file structure-v9.cif (mmCIF, C-alpha atoms)
data_model
loop_
_atom_site.label_atom_id
_atom_site.label_comp_id
_atom_site.auth_asym_id
_atom_site.auth_seq_id
_atom_site.Cartn_x
_atom_site.Cartn_y
_atom_site.Cartn_z
CA MET A 1 143.32 112.54 166.14
CA ASN A 2 144.66 115.92 167.18
CA PRO A 3 147.62 117.05 165.02
CA LEU A 4 148.90 119.24 167.89
CA LEU A 5 150.00 116.04 169.63
CA ALA A 6 152.15 114.68 166.77
CA THR A 7 155.40 116.34 167.90
CA ILE A 8 155.09 115.67 171.64
CA GLN A 9 158.24 114.10 173.09
CA LEU A 10 157.39 114.64 176.75
CA LEU A 11 154.03 114.55 178.54
CA LEU A 12 153.99 116.32 181.89
CA LEU A 13 151.18 115.82 184.38
CA ASP A 14 149.81 117.38 187.50
CA VAL A 15 148.57 114.74 189.96
CA ASP A 16 145.57 115.76 192.09
CA GLY A 17 142.70 116.31 189.68
CA VAL A 18 144.56 114.81 186.71
CA LEU A 19 145.94 111.39 187.72
CA THR A 20 143.36 111.34 190.52
CA ASP A 21 139.84 112.73 190.73
CA GLY A 22 141.10 115.51 193.01
CA SER A 23 139.90 113.92 196.24
CA ILE A 24 142.42 113.80 199.06
CA THR A 25 141.77 111.17 201.71
CA TYR A 26 143.69 110.99 204.97
CA SER A 27 144.03 107.92 207.15
CA ASP A 28 143.72 108.20 210.95
CA SER A 29 147.52 108.45 211.09
CA GLY A 30 147.48 111.43 208.71
CA GLU A 31 148.79 109.54 205.69
CA GLN A 32 147.41 110.61 202.30
CA ILE A 33 145.55 107.97 200.32
CA LYS A 34 145.24 108.44 196.56
CA THR A 35 143.28 106.46 194.00
CA PHE A 36 144.77 106.11 190.53
CA ASN A 37 143.06 104.87 187.36
CA SER A 38 144.62 101.66 186.00
CA ARG A 39 143.71 102.59 182.40
CA ASP A 40 145.61 105.85 182.78
CA GLY A 41 148.54 103.75 183.97
CA LEU A 42 148.47 101.49 180.93
CA GLY A 43 148.24 104.53 178.66
CA LEU A 44 151.33 106.01 180.30
CA ARG A 45 153.23 102.71 179.96
CA LEU A 46 152.29 102.43 176.28
CA LEU A 47 153.43 106.01 175.74
CA MET A 48 156.77 105.46 177.48
CA ASP A 49 157.31 102.15 175.68
CA SER A 50 156.85 104.09 172.42
CA GLY A 51 159.63 106.53 173.28
CA VAL A 52 157.61 109.44 174.68
CA ARG A 53 158.85 110.55 178.08
CA VAL A 54 156.48 111.16 180.99
CA GLY A 55 157.00 113.40 183.99
CA ILE A 56 155.15 114.74 187.00
CA ILE A 57 155.02 118.28 188.40
CA THR A 58 152.86 118.52 191.51
CA GLY A 59 152.51 120.70 194.56
CA ARG A 60 152.00 117.83 196.99
CA ARG A 61 154.31 115.10 198.20
CA SER A 62 152.98 111.66 198.98
CA LYS A 63 154.29 108.14 199.34
CA ALA A 64 151.34 106.92 197.27
CA LEU A 65 152.58 108.98 194.32
CA GLU A 66 156.13 107.75 194.77
CA TYR A 67 154.87 104.15 194.69
CA ARG A 68 152.75 104.85 191.60
CA CYS A 69 155.67 106.44 189.76
CA GLU A 70 157.95 103.55 190.72
CA ASN A 71 155.33 101.06 189.52
CA LEU A 72 154.97 102.83 186.17
CA GLY A 73 158.67 103.59 185.70
CA ILE A 74 158.27 107.37 185.87
CA THR A 75 161.57 108.82 187.08
CA LEU A 76 160.95 112.46 186.16
CA LEU A 77 159.15 113.36 189.40
CA PHE A 78 158.98 116.90 190.75
CA ASP A 79 156.77 116.82 193.85
CA GLY A 80 156.30 119.36 196.61
CA ILE A 81 156.70 122.09 193.98
CA LYS A 82 155.30 125.54 194.66
CA ASP A 83 156.57 127.15 191.44
CA LYS A 84 155.80 124.78 188.60
CA SER A 85 157.38 127.10 185.99
CA THR A 86 160.78 126.74 187.64
CA ALA A 87 160.34 122.96 187.62
CA LEU A 88 159.54 123.11 183.90
CA GLU A 89 162.76 125.03 183.25
CA LYS A 90 164.74 122.37 185.14
CA ILE A 91 163.02 119.60 183.18
CA ILE A 92 163.85 121.29 179.86
CA LEU A 93 167.52 121.57 180.89
CA GLN A 94 167.60 117.99 182.17
CA THR A 95 165.85 116.33 179.22
CA LYS A 96 167.03 118.68 176.45
CA ILE A 97 163.45 118.59 175.10
CA PRO A 98 162.31 122.05 173.96
CA ALA A 99 159.09 123.50 175.38
CA CYS A 100 157.43 123.30 171.96
CA ASN A 101 157.65 119.47 172.15
CA ILE A 102 156.18 119.25 175.65
CA ALA A 103 152.52 118.85 176.60
CA PHE A 104 151.19 119.49 180.09
CA ILE A 105 147.88 118.32 181.57
CA GLY A 106 146.52 120.43 184.40
CA ASP A 107 143.29 120.86 186.30
CA ASP A 108 143.43 124.17 188.16
CA LEU A 109 144.77 127.71 188.20
CA ILE A 110 148.12 126.73 189.75
CA ASP A 111 148.89 124.95 186.45
CA LEU A 112 148.43 128.02 184.23
CA PRO A 113 152.04 129.28 184.37
CA VAL A 114 153.33 125.95 183.02
CA MET A 115 150.50 125.59 180.51
CA LYS A 116 151.40 128.95 178.99
CA LYS A 117 155.03 127.86 178.43
CA VAL A 118 154.63 124.43 176.82
CA GLY A 119 153.86 123.50 173.23
CA VAL A 120 150.47 121.95 174.00
CA SER A 121 148.37 122.98 177.00
CA ILE A 122 145.73 120.48 178.08
CA CYS A 123 143.15 120.50 180.84
CA VAL A 124 140.72 117.88 182.09
CA SER A 125 137.03 118.31 181.36
CA ASP A 126 136.15 119.11 184.97
CA ALA A 127 138.68 121.96 185.24
CA PRO A 128 137.46 125.50 185.99
CA GLU A 129 136.30 127.59 183.02
CA GLU A 130 139.24 129.97 183.48
CA LEU A 131 141.65 127.11 182.81
CA LYS A 132 139.68 125.88 179.82
CA LYS A 133 140.05 129.31 178.21
CA HIS A 134 143.83 128.87 178.24
CA SER A 135 143.87 125.24 177.05
CA GLN A 136 144.48 124.09 173.51
CA ILE A 137 142.91 120.71 174.30
CA ILE A 138 140.17 119.88 176.81
CA THR A 139 139.71 116.19 177.51
CA ILE A 140 136.35 114.49 177.22
CA ARG A 141 137.00 112.48 180.38
CA GLU A 142 137.43 113.89 183.87
CA GLY A 143 140.62 113.84 185.91
CA GLY A 144 141.27 110.45 187.49
CA ARG A 145 138.65 108.91 185.22
CA GLY A 146 140.56 108.27 181.99
CA ALA A 147 141.60 111.79 180.93
CA VAL A 148 145.29 110.83 180.94
CA ARG A 149 144.62 107.67 178.91
CA GLU A 150 142.67 109.78 176.41
CA ILE A 151 145.69 112.04 175.86
CA CYS A 152 148.16 109.13 175.75
CA GLU A 153 146.11 107.49 173.01
CA GLY A 154 145.84 110.84 171.25
CA ILE A 155 149.62 111.23 171.18
CA LEU A 156 150.13 107.67 169.97
CA LYS A 157 147.51 108.09 167.24
CA ALA A 158 148.92 111.46 166.14
CA ARG A 159 152.37 109.87 165.86
CA GLY A 160 150.98 106.95 163.82
CA LEU A 161 151.80 104.36 166.50
CA TRP A 162 148.36 103.33 167.74
CA GLU A 163 147.58 100.64 165.14
CA THR A 164 150.88 98.87 165.81
CA ILE A 165 150.18 98.87 169.55
CA LEU A 166 146.63 97.65 169.00
CA ASN A 167 147.83 94.82 166.74
CA ARG A 168 150.13 93.55 169.50
CA TYR A 169 147.06 92.87 171.62
CA ILE A 170 144.87 91.57 168.81
CA SER A 171 147.41 89.16 167.26
#
call {"tool": "encode", "arguments": {"input": "structure-v9.cif", "output": "structure tokens"}}
result
Amino acid sequence: MNPLLATIQLLLLDVDGVLTDGSITYSDSGEQIKTFNSRDGLGLRLLMDSGVRVGIITGRRSKALEYRCENLGITLLFDGIKDKSTALEKIILQTKIPACNIAFIGDDLIDLPVMKKVGVSICVSDAPEELKKHSQIITIREGGRGAVREICEGILKARGLWETILNRYIS
């Protein structure tokens, strides 16, 4: 359990390289195809059901992401964003959650400006070394392969909620 995660009220995520493994596949018609990890999805649902908000800040737009967010109930979606810091400022104003209670998971240099402004900066294990140097937490799992679930569980455990959630499935 990481005590840094105990006060997190909002988890923000990049998409490519965090919710996915970073691969971008195009169909013959030019449509992007993304693969998401179902365990990450359950982790996000458990987190949201426990009162922690979840949001997305990503540079790309895709219908696949819109469908995934709709499926999971994520309404805080900032896609097609070139300046992620500006998006963070809008999110803080919109949610009234201070930066110190926000965690962000990134995977590459474009995420650094946001990571430097939030309470807990997190990167996936397969992120570049430069990003790892600026991260308070580095996941054990890679992006798109359970890193998000790892952090969701970490937040729930740090907030003392994990055993209650686990008991719902065991009982």
call {"tool": "resolve_selection", "arguments": {"input": "structure-v9.cif", "expression": "the PyMOL selection byres ((chain A and resi 148) around 12)", "output": "ChimeraX atom specification"}}
result
/A:11-15,17-21,36-47,54,103-107,122-125,138-147,149-155
call {"tool": "resolve_selection", "arguments": {"input": "structure-v9.cif", "expression": "the PyMOL selection byres ((chain A and resi 102) around 12)", "output": "ChimeraX atom specification"}}
result
/A:4-13,52-55,88-89,91-92,95-101,103-105,114-122,155
call {"tool": "atom_distance", "arguments": {"input": "structure-v9.cif", "atom1": "CA of Asp111 in chain A", "atom2": "CA of Lys82 in chain A"}}
result
10.4 Å
call {"tool": "atom_distance", "arguments": {"input": "structure-v9.cif", "atom1": "CA of Gln32 in chain A", "atom2": "CA of Lys84 in chain A"}}
result
21.4 Å
call {"tool": "atom_distance", "arguments": {"input": "structure-v9.cif", "atom1": "CA of Phe78 in chain A", "atom2": "CA of Thr58 in chain A"}}
result
6.4 Å
call {"tool": "axis_aligned_box", "arguments": {"input": "structure-v9.cif", "around": "range 144-160 of chain A", "padding_each_side": "6 Å", "output": "JSON"}}
result
{"center_x": 145.5, "center_y": 109.5, "center_z": 175.7, "size_x": 25.7, "size_y": 17.1, "size_z": 35.7}
call {"tool": "closest_residue", "arguments": {"input": "structure-v9.cif", "among": "A:Asp49, A:Asp79, A:Asp16, A:Glu130", "to": "Leu112 in chain A", "atoms": "all atoms listed in the file"}}
result
A:Glu130
call {"tool": "closest_residue", "arguments": {"input": "structure-v9.cif", "among": "A:Asp83, A:Tyr67, A:Ser50, A:Glu129", "to": "Thr164 in chain A", "atoms": "all atoms listed in the file"}}
result
A:Ser50
call {"tool": "closest_residue", "arguments": {"input": "structure-v9.cif", "among": "A:Lys34, A:Lys90, A:Lys157, A:Lys132", "to": "Asn2 in chain A", "atoms": "all atoms listed in the file"}}
result
A:Lys157
call {"tool": "residues_around", "arguments": {"input": "structure-v9.cif", "residues": "Gly73 in chain A", "least_positions_apart": "3", "cutoff": "9 Å", "atoms": "all atoms listed in the file", "output": "PyMOL selection string"}}
result
chain A and resi 45+48+68-70
call {"tool": "decode", "arguments": {"input": "structure-v9.cif", "residues": "range 122-141 of chain A", "atoms": "N, CA and C atoms", "output": "short mmCIF file (atom, residue, chain, number, x, y, z; two decimals), in the first residue's frame"}}
result
data_model
loop_
_atom_site.label_atom_id
_atom_site.label_comp_id
_atom_site.auth_asym_id
_atom_site.auth_seq_id
_atom_site.Cartn_x
_atom_site.Cartn_y
_atom_site.Cartn_z
N ILE A 122 2.49 9.48 -11.63
CA ILE A 122 2.66 8.04 -11.82
C ILE A 122 3.01 7.78 -13.28
N CYS A 123 3.93 6.85 -13.50
CA CYS A 123 4.18 6.40 -14.87
C CYS A 123 4.16 4.88 -14.92
N VAL A 124 3.89 4.36 -16.10
CA VAL A 124 3.88 2.92 -16.31
C VAL A 124 5.32 2.41 -16.40
N SER A 125 5.49 1.14 -16.13
CA SER A 125 6.84 0.57 -16.04
C SER A 125 7.62 0.62 -17.35
N ASP A 126 6.93 0.68 -18.48
CA ASP A 126 7.63 0.73 -19.76
C ASP A 126 7.78 2.15 -20.30
N ALA A 127 7.64 3.14 -19.43
CA ALA A 127 7.85 4.54 -19.81
C ALA A 127 9.35 4.81 -19.96
N PRO A 128 9.71 5.87 -20.69
CA PRO A 128 11.13 6.22 -20.82
C PRO A 128 11.74 6.61 -19.46
N GLU A 129 13.03 6.40 -19.33
CA GLU A 129 13.74 6.70 -18.09
C GLU A 129 13.55 8.15 -17.64
N GLU A 130 13.50 9.07 -18.60
CA GLU A 130 13.32 10.48 -18.27
C GLU A 130 12.02 10.71 -17.51
N LEU A 131 10.98 9.98 -17.89
CA LEU A 131 9.69 10.13 -17.22
C LEU A 131 9.74 9.48 -15.83
N LYS A 132 10.40 8.36 -15.73
CA LYS A 132 10.51 7.68 -14.45
C LYS A 132 11.19 8.56 -13.41
N LYS A 133 12.15 9.36 -13.84
CA LYS A 133 12.86 10.26 -12.92
C LYS A 133 11.94 11.30 -12.30
N HIS A 134 10.85 11.60 -12.96
CA HIS A 134 9.91 12.62 -12.49
C HIS A 134 8.63 12.01 -11.91
N SER A 135 8.63 10.72 -11.67
CA SER A 135 7.44 10.02 -11.18
C SER A 135 7.61 9.63 -9.72
N GLN A 136 6.56 9.85 -8.95
CA GLN A 136 6.58 9.42 -7.55
C GLN A 136 6.30 7.92 -7.43
N ILE A 137 5.52 7.40 -8.38
CA ILE A 137 5.19 5.97 -8.41
C ILE A 137 5.43 5.46 -9.83
N ILE A 138 6.07 4.31 -9.93
CA ILE A 138 6.25 3.61 -11.20
C ILE A 138 5.55 2.27 -11.06
N THR A 139 4.63 1.98 -11.95
CA THR A 139 3.88 0.73 -11.83
C THR A 139 4.79 -0.47 -12.09
N ILE A 140 4.36 -1.60 -11.61
CA ILE A 140 5.06 -2.86 -11.89
C ILE A 140 4.65 -3.34 -13.28
N ARG A 141 3.36 -3.17 -13.59
CA ARG A 141 2.83 -3.63 -14.88
C ARG A 141 3.01 -2.56 -15.96
#
